[in-house]
Amino acid sequence: MADLEPFPDLGSGDLLPMLATAFPEAVSLGRALAGAGLTIAVAESCTGGLLGATLTSVAGSSMYVRGGVIAYADDVKAEHLGVGRHLLATHGAVSPEVAGAMASGVRTRFQASVGVGITGVAGPDASEHKPAGLVFVAVADATTVRVIRLDEDRGREPNRAGAVRAALRLAEDAVAEIRGSRPAER
């Protein structure tokens with residue numbers, strides 16, 4: 001077995017972008033969730049855990065983050081999130097219907113106030129006859145499922161980052177509606 005090199009000394013952390021700095025929406029969403037006594041759970045496909053990592057990069061996030069599932073494969077979406085196989089077969093994994101089912105499923109399974117589902121084609125190549133950059137982001141609470149479509153291909157990592165940013169904003173809007181206040185202007 002080869003010796004692993006030690007993790008480089010990052011000093012103050014200036015060499016790496018910190019998630020909470022890259023996604024300030026995570027801080028404001030966290031404040032909104034904590035202030036309302038609400039919780040969140042995430043189901044991610046094309047973002048591969050980036051949303052969960054971003055949420056938990058905020059100190060104190062254990063007060064409101066319940067957990068998450070990286071559901072790249074359709075069978076994981078079905079078995080662990082309760083997404084109907086017929087829904088997957090009819091609409092495909094990259095669809096508003098599946099994003100909504102992922103959000104509702106993770107909310108229910110993790111007993112969270114809010115669930116987020118992200119599914120899409122990060123790129124660089126198209127799949128399922130759907131173009132790179134096509135992403136659906138859904139947020140579900142006890143009464144409503146909100147879904148938005150992103151369809152601008154900016155490259156794999158910018159597509160993933162854009163999906164996370166959209167999810168954070170949509171979740172914050174949902175929390176504001178739950179609390180009975182207007183979402184913040186952006």
# chains A, B, ... in the order shown; residues from 1 in each chain; ligands from 1
$ closest_atom_pairs --of "range 46-90 of chain A" --to "range 154-161 of chain A" --cutoff "8 Å" --atoms "only C-alpha atoms" --output "CSV"
residue,atom,partner,partner_atom,distance
A:Cys46,CA,A:Arg160,CA,6.9
A:Thr47,CA,A:Arg160,CA,5.2
A:Leu50,CA,A:Arg160,CA,7.8
$ closest_atom_pairs --of "range 73-166 of chain A" --to "range 20-34 of chain A" --cutoff "10 Å" --atoms "only C-alpha atoms" --output "Markdown table"
| residue | atom | partner | partner_atom | distance |
| --- | --- | --- | --- | --- |
| A:Ser113 | CA | A:Leu33 | CA | 9.2 |
| A:Val114 | CA | A:Leu33 | CA | 9.3 |
| A:Ala161 | CA | A:Phe23 | CA | 8.7 |
| A:Val164 | CA | A:Phe23 | CA | 8.4 |
| A:Arg165 | CA | A:Phe23 | CA | 6.8 |
| A:Ala166 | CA | A:Glu25 | CA | 9.4 |
$ residues_around --residues "Ser127 in chain A" --least-positions-apart "6" --cutoff "12 Å" --atoms "only C-alpha atoms" --output "number ranges by chain"
A: 46, 92-94, 120-121, 133-135
$ residues_around --residues "Asp141 in chain A" --least-positions-apart "5" --cutoff "10 Å" --atoms "only C-alpha atoms" --output "number ranges by chain"
A: 40, 103-104, 107-108, 112-116, 146, 171, 174-175, 178
$ write_last_selection --atoms "C-alpha atoms" --output "tab-separated table (two decimals), in the first residue's frame"
chain	number	residue	atom	x	y	z
A	40	ILE	CA	-34.60	20.47	6.22
A	103	ALA	CA	-38.40	16.49	-2.30
A	104	SER	CA	-41.60	15.06	-0.83
A	107	ARG	CA	-39.10	15.32	3.68
A	108	THR	CA	-41.31	12.44	4.77
A	112	ALA	CA	-38.26	17.28	8.10
A	113	SER	CA	-40.32	20.44	7.75
A	114	VAL	CA	-38.88	21.06	4.29
A	115	GLY	CA	-37.51	18.66	1.70
A	116	VAL	CA	-35.39	19.56	-1.33
A	146	ARG	CA	-42.54	24.13	-5.64
A	171	ALA	CA	-36.02	26.75	0.19
A	174	ALA	CA	-40.65	28.29	1.16
A	175	VAL	CA	-39.59	28.95	4.76
A	178	ILE	CA	-44.41	28.87	6.00
$ closest_residue --among "A:Arg109, A:Ala176, A:Asp153, A:Leu19" --to "Lys130 in chain A" --atoms "only C-alpha atoms"
A:Asp153
$ closest_residue --among "A:Ala163, A:Leu168, A:Ala132, A:Val139" --to "Glu97 in chain A" --atoms "only C-alpha atoms"
A:Val139
$ closest_residue --among "A:Gly117, A:Gly37, A:Ala101, A:Thr54" --to "Arg85 in chain A" --atoms "only C-alpha atoms"
A:Ala101
